[in-house]
>>> print(open('final-v1.tsv').read())   # TSV, C-alpha atoms
chain	number	residue	atom	x	y	z
A	72	MET	CA	0.00	0.00	0.00
A	73	PRO	CA	1.43	3.44	-0.85
A	74	ASP	CA	3.09	5.36	1.98
A	75	ARG	CA	1.01	8.45	1.21
A	76	ALA	CA	-1.99	6.69	2.79
A	77	TYR	CA	-0.24	6.88	6.18
A	78	PRO	CA	0.27	10.58	7.02
A	79	LYS	CA	1.72	11.74	10.31
A	80	GLN	CA	-0.82	12.61	13.05
A	81	GLY	CA	0.89	15.38	15.01
A	82	ARG	CA	-1.62	18.22	15.04
A	83	LYS	CA	-4.00	18.83	17.91
A	84	LEU	CA	-7.71	18.16	17.49
A	85	ASN	CA	-10.31	20.91	17.93
A	86	ILE	CA	-13.46	19.25	19.20
A	87	HIS	CA	-15.66	21.85	17.50
A	88	VAL	CA	-14.08	21.50	14.03
A	89	ALA	CA	-14.29	18.18	12.21
A	90	PRO	CA	-11.20	17.17	10.20
A	91	ALA	CA	-11.42	16.81	6.45
A	92	VAL	CA	-12.47	13.37	5.24
A	93	PRO	CA	-9.63	11.71	3.28
A	94	VAL	CA	-10.00	10.62	-0.32
A	95	TYR	CA	-9.34	6.91	-0.74
A	96	ARG	CA	-7.71	5.57	-3.90
A	97	LEU	CA	-7.87	1.87	-3.09
A	98	GLN	CA	-11.10	-0.10	-2.92
A	99	LEU	CA	-12.03	-2.19	0.10
A	100	ALA	CA	-11.23	-5.48	-1.65
A	101	ALA	CA	-7.69	-4.33	-2.43
A	102	ARG	CA	-7.15	-3.15	1.13
A	103	LEU	CA	-8.35	-6.45	2.60
A	104	ALA	CA	-6.19	-8.46	0.20
A	105	TYR	CA	-3.13	-6.38	1.12
A	106	SER	CA	-3.84	-6.85	4.82
A	107	GLU	CA	-4.11	-10.63	4.41
A	108	ARG	CA	-0.85	-10.81	2.44
A	109	GLN	CA	0.92	-8.68	5.03
A	110	CYS	CA	-0.16	-10.89	7.92
A	111	ARG	CA	0.67	-14.06	6.02
A	112	ASP	CA	4.16	-12.83	5.24
A	113	GLN	CA	5.00	-11.20	8.59
A	114	GLY	CA	2.82	-13.10	11.06
A	115	LYS	CA	1.19	-10.93	13.70
A	116	HIS	CA	1.21	-7.33	12.51
A	117	LYS	CA	0.82	-4.41	14.95
A	118	GLY	CA	-0.66	-2.15	12.27
A	119	ARG	CA	-3.48	-4.56	11.59
A	120	ALA	CA	-4.14	-5.00	15.33
A	121	ARG	CA	-4.38	-1.23	15.81
A	122	ARG	CA	-6.69	-0.91	12.82
A	123	HIS	CA	-8.94	-3.66	14.14
A	124	LEU	CA	-9.06	-1.93	17.53
A	125	ARG	CA	-10.18	1.27	15.79
A	126	GLU	CA	-12.90	-0.65	14.00
A	127	VAL	CA	-14.12	-2.37	17.19
A	128	GLN	CA	-14.29	0.91	19.11
A	129	THR	CA	-16.09	2.50	16.17
A	130	ARG	CA	-18.65	-0.31	16.16
A	131	GLN	CA	-19.24	0.02	19.91
A	132	ALA	CA	-19.58	3.81	19.86
A	133	ALA	CA	-21.88	3.82	16.83
A	134	ALA	CA	-24.08	1.14	18.41
A	135	TRP	CA	-24.33	3.13	21.64
A	136	LEU	CA	-25.24	6.34	19.82
A	137	GLU	CA	-27.92	4.52	17.85
A	138	GLY	CA	-29.31	2.96	21.01
A	139	PHE	CA	-29.27	6.28	22.84
A	140	ARG	CA	-31.20	7.91	20.00
A	141	SER	CA	-33.77	5.10	19.95
A	142	GLY	CA	-34.14	4.97	23.73
A	143	ALA	CA	-32.56	1.56	24.22
A	144	GLU	CA	-29.50	3.05	25.93
A	145	ARG	CA	-29.79	5.14	29.09
A	146	VAL	CA	-27.26	7.12	31.12
A	147	SER	CA	-26.70	6.24	34.77
A	148	ASP	CA	-25.99	8.82	37.46
A	149	GLY	CA	-23.85	6.37	39.40
A	150	GLY	CA	-26.43	6.08	42.19
A	151	GLY	CA	-28.98	3.71	40.71
A	152	ARG	CA	-31.00	6.10	38.52
A	153	SER	CA	-30.84	6.29	34.74
A	154	TYR	CA	-32.11	8.79	32.19
A	155	GLY	CA	-32.88	8.72	28.48
A	156	LEU	CA	-32.31	11.18	25.67
A	157	ALA	CA	-35.57	13.08	26.16
A	158	GLU	CA	-34.92	13.65	29.88
A	159	LEU	CA	-31.31	14.70	29.46
A	160	LEU	CA	-31.35	16.81	26.31
A	161	ARG	CA	-34.93	18.08	26.03
A	162	GLY	CA	-36.19	18.29	29.60
A	163	PRO	CA	-36.53	21.76	31.17
A	164	LEU	CA	-33.98	22.33	33.91
A	165	VAL	CA	-36.22	24.52	36.06
A	166	GLY	CA	-34.63	25.49	39.33
A	167	HIS	CA	-31.18	24.23	38.32
A	168	PRO	CA	-28.13	26.49	38.05
A	169	GLY	CA	-27.27	28.20	34.79
A	170	TRP	CA	-24.23	26.03	34.15
A	171	ALA	CA	-26.53	22.98	34.00
A	172	ARG	CA	-28.46	24.52	31.09
A	173	SER	CA	-25.16	25.35	29.37
A	174	LEU	CA	-24.08	21.74	29.85
A	175	GLN	CA	-27.34	20.57	28.31
A	176	THR	CA	-26.78	22.78	25.24
A	177	HIS	CA	-23.20	21.53	24.97
A	178	SER	CA	-24.42	17.93	25.09
A	179	ARG	CA	-26.93	18.54	22.30
A	180	ASN	CA	-24.14	20.01	20.15
A	181	LEU	CA	-21.93	16.99	20.83
A	182	VAL	CA	-24.71	14.61	19.81
A	183	THR	CA	-25.12	16.52	16.55
A	184	LEU	CA	-21.38	16.39	15.84
A	185	ALA	CA	-21.12	12.69	16.66
A	186	GLU	CA	-24.02	11.75	14.40
A	187	LYS	CA	-23.10	14.07	11.53
A	188	HIS	CA	-19.37	13.26	11.36
A	189	GLY	CA	-19.42	9.58	12.25
A	190	PRO	CA	-17.98	6.79	10.08
A	191	ALA	CA	-20.93	7.05	7.73
A	192	SER	CA	-19.73	10.54	6.72
A	193	GLY	CA	-17.02	8.96	4.57
A	194	TRP	CA	-13.93	8.25	6.64
A	195	GLY	CA	-15.15	4.72	7.42
A	196	ILE	CA	-15.37	2.26	4.53
A	197	PRO	CA	-18.55	0.11	4.83
A	198	GLN	CA	-17.98	-3.62	4.92
A	199	SER	CA	-20.36	-6.24	3.58
A	200	ALA	CA	-22.90	-7.44	6.12
A	201	ALA	CA	-22.64	-10.91	4.60
A	202	ARG	CA	-19.25	-11.33	6.29
A	203	GLU	CA	-20.90	-10.88	9.70
A	204	VAL	CA	-22.43	-14.37	9.63
A	205	GLY	CA	-20.27	-16.65	11.77
A	206	ASN	CA	-17.62	-13.97	12.28
A	207	PRO	CA	-17.58	-12.44	15.80
A	208	ASN	CA	-14.76	-10.08	14.78
A	209	TRP	CA	-16.78	-8.49	12.00
A	210	THR	CA	-17.08	-4.71	12.08
A	211	PRO	CA	-19.42	-2.56	9.98
A	212	TYR	CA	-16.63	-0.18	8.92
A	213	PHE	CA	-13.08	-0.59	7.73
A	214	VAL	CA	-11.02	2.27	9.25
A	215	PRO	CA	-7.73	2.70	7.38
A	216	LYS	CA	-4.72	4.57	8.67
A	217	ALA	CA	-5.55	7.55	6.47
A	218	ALA	CA	-8.74	8.05	8.52
A	219	GLU	CA	-6.99	7.97	11.88
A	220	ARG	CA	-7.30	11.73	12.41
A	221	CYS	CA	-11.05	11.64	11.72
A	222	TRP	CA	-11.44	8.60	13.93
A	223	ARG	CA	-9.51	10.17	16.83
A	224	TRP	CA	-11.57	13.35	16.59
A	225	TRP	CA	-14.85	11.40	16.53
A	226	ARG	CA	-13.74	9.29	19.49
A	227	LYS	CA	-12.89	12.49	21.38
A	228	VAL	CA	-16.38	13.87	20.69
A	229	TYR	CA	-17.98	10.61	21.76
A	230	ARG	CA	-16.06	10.46	25.03
A	231	ALA	CA	-16.81	14.11	25.81
A	232	LEU	CA	-20.49	13.39	25.18
A	233	ARG	CA	-20.53	10.47	27.61
A	234	VAL	CA	-18.88	12.61	30.31
A	235	ALA	CA	-21.36	15.48	29.76
A	236	LEU	CA	-24.36	13.15	29.86
A	237	ARG	CA	-23.22	11.55	33.12
A	238	ALA	CA	-22.84	15.01	34.64
A	239	LEU	CA	-26.37	15.92	33.50
A	240	ALA	CA	-27.72	12.71	35.00
A	241	ARG	CA	-26.18	13.60	38.37
A	242	VAL	CA	-27.70	17.09	38.16
A	243	LEU	CA	-31.16	15.65	37.55
A	244	SER	CA	-30.75	13.21	40.44
A	245	ARG	CA	-29.94	16.00	42.88
A	246	GLY	CA	-33.08	17.91	41.92
A	247	PRO	CA	-33.62	21.67	41.73
A	248	SER	CA	-31.30	23.73	43.86
A	249	THR	CA	-32.44	26.21	46.54
A	250	PRO	CA	-32.87	29.73	45.13
A	251	LEU	CA	-30.00	32.00	45.97
A	252	ALA	CA	-32.27	34.69	47.44
A	253	CYS	CA	-33.75	32.27	49.98
A	254	THR	CA	-30.31	31.03	50.87
A	255	GLU	CA	-29.04	34.55	51.46
A	256	GLN	CA	-32.08	35.46	53.57
A	257	GLY	CA	-31.61	32.42	55.75
A	258	ARG	CA	-27.92	33.20	56.11
A	259	ASP	CA	-28.72	36.81	57.11
A	260	ARG	CA	-31.21	35.69	59.75
A	261	LYS	CA	-28.70	33.24	61.14
A	262	ASP	CA	-26.02	35.94	61.30
A	263	GLN	CA	-28.37	38.36	63.06
A	264	SER	CA	-29.39	35.80	65.67
A	265	SER	CA	-25.79	34.86	66.35
A	266	LYS	CA	-24.84	38.53	66.75
A	267	HIS	CA	-27.76	39.04	69.17
A	268	ARG	CA	-26.63	36.09	71.28
A	269	GLU	CA	-23.09	37.42	71.26
A	270	VAL	CA	-24.28	40.84	72.52
A	271	GLU	CA	-26.23	39.17	75.29
A	272	ARG	CA	-23.16	37.23	76.35
A	273	ARG	CA	-21.13	40.46	76.47
A	274	LEU	CA	-23.48	42.25	78.97
A	275	PRO	CA	-21.62	42.94	82.26
A	276	VAL	CA	-22.70	41.00	85.33
A	277	TYR	CA	-21.98	42.37	88.83
A	278	ARG	CA	-21.87	40.55	92.15
A	279	ASP	CA	-24.54	42.75	93.77
A	280	HIS	CA	-26.95	42.44	90.84
A	281	PRO	CA	-29.56	39.71	91.22
A	282	ALA	CA	-30.26	37.31	88.44
A	283	THR	CA	-33.74	38.77	87.95
A	284	GLY	CA	-32.27	41.66	85.96
A	285	TRP	CA	-32.33	45.44	85.98
A	286	ALA	CA	-35.91	45.68	87.28
A	287	ALA	CA	-34.84	44.29	90.65
A	288	VAL	CA	-31.89	46.67	90.75
A	289	ALA	CA	-34.20	49.63	90.13
A	290	GLU	CA	-36.47	48.55	93.03
A	291	ARG	CA	-33.49	48.45	95.37
A	292	VAL	CA	-32.10	51.84	94.35
A	293	ALA	CA	-35.41	53.73	94.13
A	294	PRO	CA	-35.89	54.29	97.94
A	295	ARG	CA	-32.59	56.14	98.14
A	296	PHE	CA	-33.93	58.88	95.88
A	297	THR	CA	-37.35	59.18	97.56
A	298	THR	CA	-36.08	59.75	101.14
>>> encode(input="final-v1.tsv", output="structure tokens")
Amino acid sequence: MPDRAYPKQGRKLNIHVAPAVPVYRLQLAARLAYSERQCRDQGKHKGRARRHLREVQTRQAAAWLEGFRSGAERVSDGGGRSYGLAELLRGPLVGHPGWARSLQTHSRNLVTLAEKHGPASGWGIPQSAAREVGNPNWTPYFVPKAAERCWRWWRKVYRALRVALRALARVLSRGPSTPLACTEQGRDRKDQSSKHREVERRLPVYRDHPATGWAAVAERVAPRFTT
């Protein structure tokens, strides 16, 4: 296979910008024949193992995205509850902080990117479904080395989506947060009461003053001014 089909992958990936889909010059049959000859001549080949790992991960991620869209896959909050697409991406987050709504918008954008720029967009070469029969290692897409940049970017989007959805699930499990105004009012009342108790503790106490307070003191002192 020509060396130009294996470019270097040194540039960083911007999750918001999809890489350009490569143009393939070899058909799938020629690629599979070359891979079989390579393994027959050199035994176990690391390049083929890495490519197969890319294809397996692509199959798993695509199946999860399809199941999440259809409702078969749900996202767990880690505490026993799970949520579907409608609850996570379309449900109103009333009473939740503003960052939760931003996270929901970010998750919707990631879903759009993952579905629009997946292997079906052109960087994955479809394989015949007839080869799936009796072959547990079959994958729906052949992912050549030339598509590694597209595959890495799509995998990055997919992983970021899973992290964002788990965070949204935890937000929904906690429920609406207490309004900030009520929290501040309660904190102010608590501060005022603590200050009042502190002032009471600071009042001077004398040995000749009874515990009944200043009223008893006034009754004792009043006769001195009337005589």
>>> atom_distance(input="final-v1.tsv", atom1="CA of Arg121 (chain A)", atom2="CA of Trp194 (chain A)")
16.3 Å
>>> closest_residue(input="final-v1.tsv", among="A:Gly151, A:Glu137, A:Arg237, A:Ala89", to="Arg220 (chain A)", atoms="only C-alpha atoms")
A:Ala89
>>> closest_residue(input="final-v1.tsv", among="A:Ile196, A:Ala238, A:Val214, A:Leu136", to="His123 (chain A)", atoms="all atoms listed in the file")
A:Val214
>>> atom_distance(input="final-v1.tsv", atom1="CA of Gly195 (chain A)", atom2="CA of Phe213 (chain A)")
5.7 Å
>>> closest_atom_pairs(input="final-v1.tsv", of="region 135-164 of chain A", to="region 178-185 of chain A", cutoff="9 Å", atoms="only C-alpha atoms", output="tab-separated table")
residue	atom	partner	partner_atom	distance
A:Leu136	CA	A:Ala185	CA	8.2
A:Leu159	CA	A:Ser178	CA	8.8
A:Leu160	CA	A:Arg179	CA	6.2
A:Arg161	CA	A:Arg179	CA	8.8
>>> atom_distance(input="final-v1.tsv", atom1="CA of Ile86 (chain A)", atom2="CA of Pro215 (chain A)")
21.1 Å
>>> closest_residue(input="final-v1.tsv", among="A:Gln98, A:Lys83, A:Gln128, A:Pro93", to="Pro197 (chain A)", atoms="only C-alpha atoms")
A:Gln98
>>> closest_residue(input="final-v1.tsv", among="A:Ser153, A:Gly189, A:Asn206, A:Ser173", to="Cys221 (chain A)", atoms="all atoms listed in the file")
A:Gly189
>>> residues_around(input="final-v1.tsv", residues="Glu144 (chain A)", least_positions_apart="6", cutoff="8 Å", atoms="only C-alpha atoms", output="list of chain:residue names")
A:Trp135, A:Gly138, A:Gly155
>>> closest_residue(input="final-v1.tsv", among="A:Ala157, A:Glu126, A:Val165, A:Arg226", to="Ser141 (chain A)", atoms="only C-alpha atoms")
A:Ala157
>>> closest_residue(input="final-v1.tsv", among="A:Ala217, A:Val234, A:Leu156, A:Gly162", to="Val94 (chain A)", atoms="all atoms listed in the file")
A:Ala217
>>> axis_aligned_box(input="final-v1.tsv", around="region 155-158 of chain A", padding_each_side="5 Å", output="AutoDock Vina command-line options")
--center_x -33.9 --center_y 11.2 --center_z 27.8 --size_x 13.3 --size_y 14.9 --size_z 14.2
>>> residues_around(input="final-v1.tsv", residues="Leu243 (chain A)", least_positions_apart="6", cutoff="12 Å", atoms="all atoms listed in the file", output="PDB file with C-alpha atoms, in the coordinates of the input")
ATOM      1  CA  VAL A 146     -27.260   7.120  31.120  1.00  0.00           C
ATOM      2  CA  SER A 147     -26.700   6.240  34.770  1.00  0.00           C
ATOM      3  CA  ASP A 148     -25.990   8.820  37.460  1.00  0.00           C
ATOM      4  CA  GLY A 149     -23.850   6.370  39.400  1.00  0.00           C
ATOM      5  CA  GLY A 150     -26.430   6.080  42.190  1.00  0.00           C
ATOM      6  CA  ARG A 152     -31.000   6.100  38.520  1.00  0.00           C
ATOM      7  CA  SER A 153     -30.840   6.290  34.740  1.00  0.00           C
ATOM      8  CA  TYR A 154     -32.110   8.790  32.190  1.00  0.00           C
ATOM      9  CA  GLY A 155     -32.880   8.720  28.480  1.00  0.00           C
ATOM     10  CA  GLU A 158     -34.920  13.650  29.880  1.00  0.00           C
ATOM     11  CA  LEU A 159     -31.310  14.700  29.460  1.00  0.00           C
ATOM     12  CA  LEU A 160     -31.350  16.810  26.310  1.00  0.00           C
ATOM     13  CA  GLY A 162     -36.190  18.290  29.600  1.00  0.00           C
ATOM     14  CA  PRO A 163     -36.530  21.760  31.170  1.00  0.00           C
ATOM     15  CA  LEU A 164     -33.980  22.330  33.910  1.00  0.00           C
ATOM     16  CA  VAL A 165     -36.220  24.520  36.060  1.00  0.00           C
ATOM     17  CA  GLY A 166     -34.630  25.490  39.330  1.00  0.00           C
ATOM     18  CA  HIS A 167     -31.180  24.230  38.320  1.00  0.00           C
ATOM     19  CA  PRO A 168     -28.130  26.490  38.050  1.00  0.00           C
ATOM     20  CA  ALA A 171     -26.530  22.980  34.000  1.00  0.00           C
ATOM     21  CA  ARG A 172     -28.460  24.520  31.090  1.00  0.00           C
ATOM     22  CA  GLN A 175     -27.340  20.570  28.310  1.00  0.00           C
ATOM     23  CA  LEU A 236     -24.360  13.150  29.860  1.00  0.00           C
ATOM     24  CA  ARG A 237     -23.220  11.550  33.120  1.00  0.00           C
TER      25      ARG A 237
END
>>> residues_around(input="final-v1.tsv", residues="Trp224 (chain A)", least_positions_apart="4", cutoff="9 Å", atoms="only C-alpha atoms", output="ChimeraX atom specification")
/A:84-86,88-90,219-220,228-229
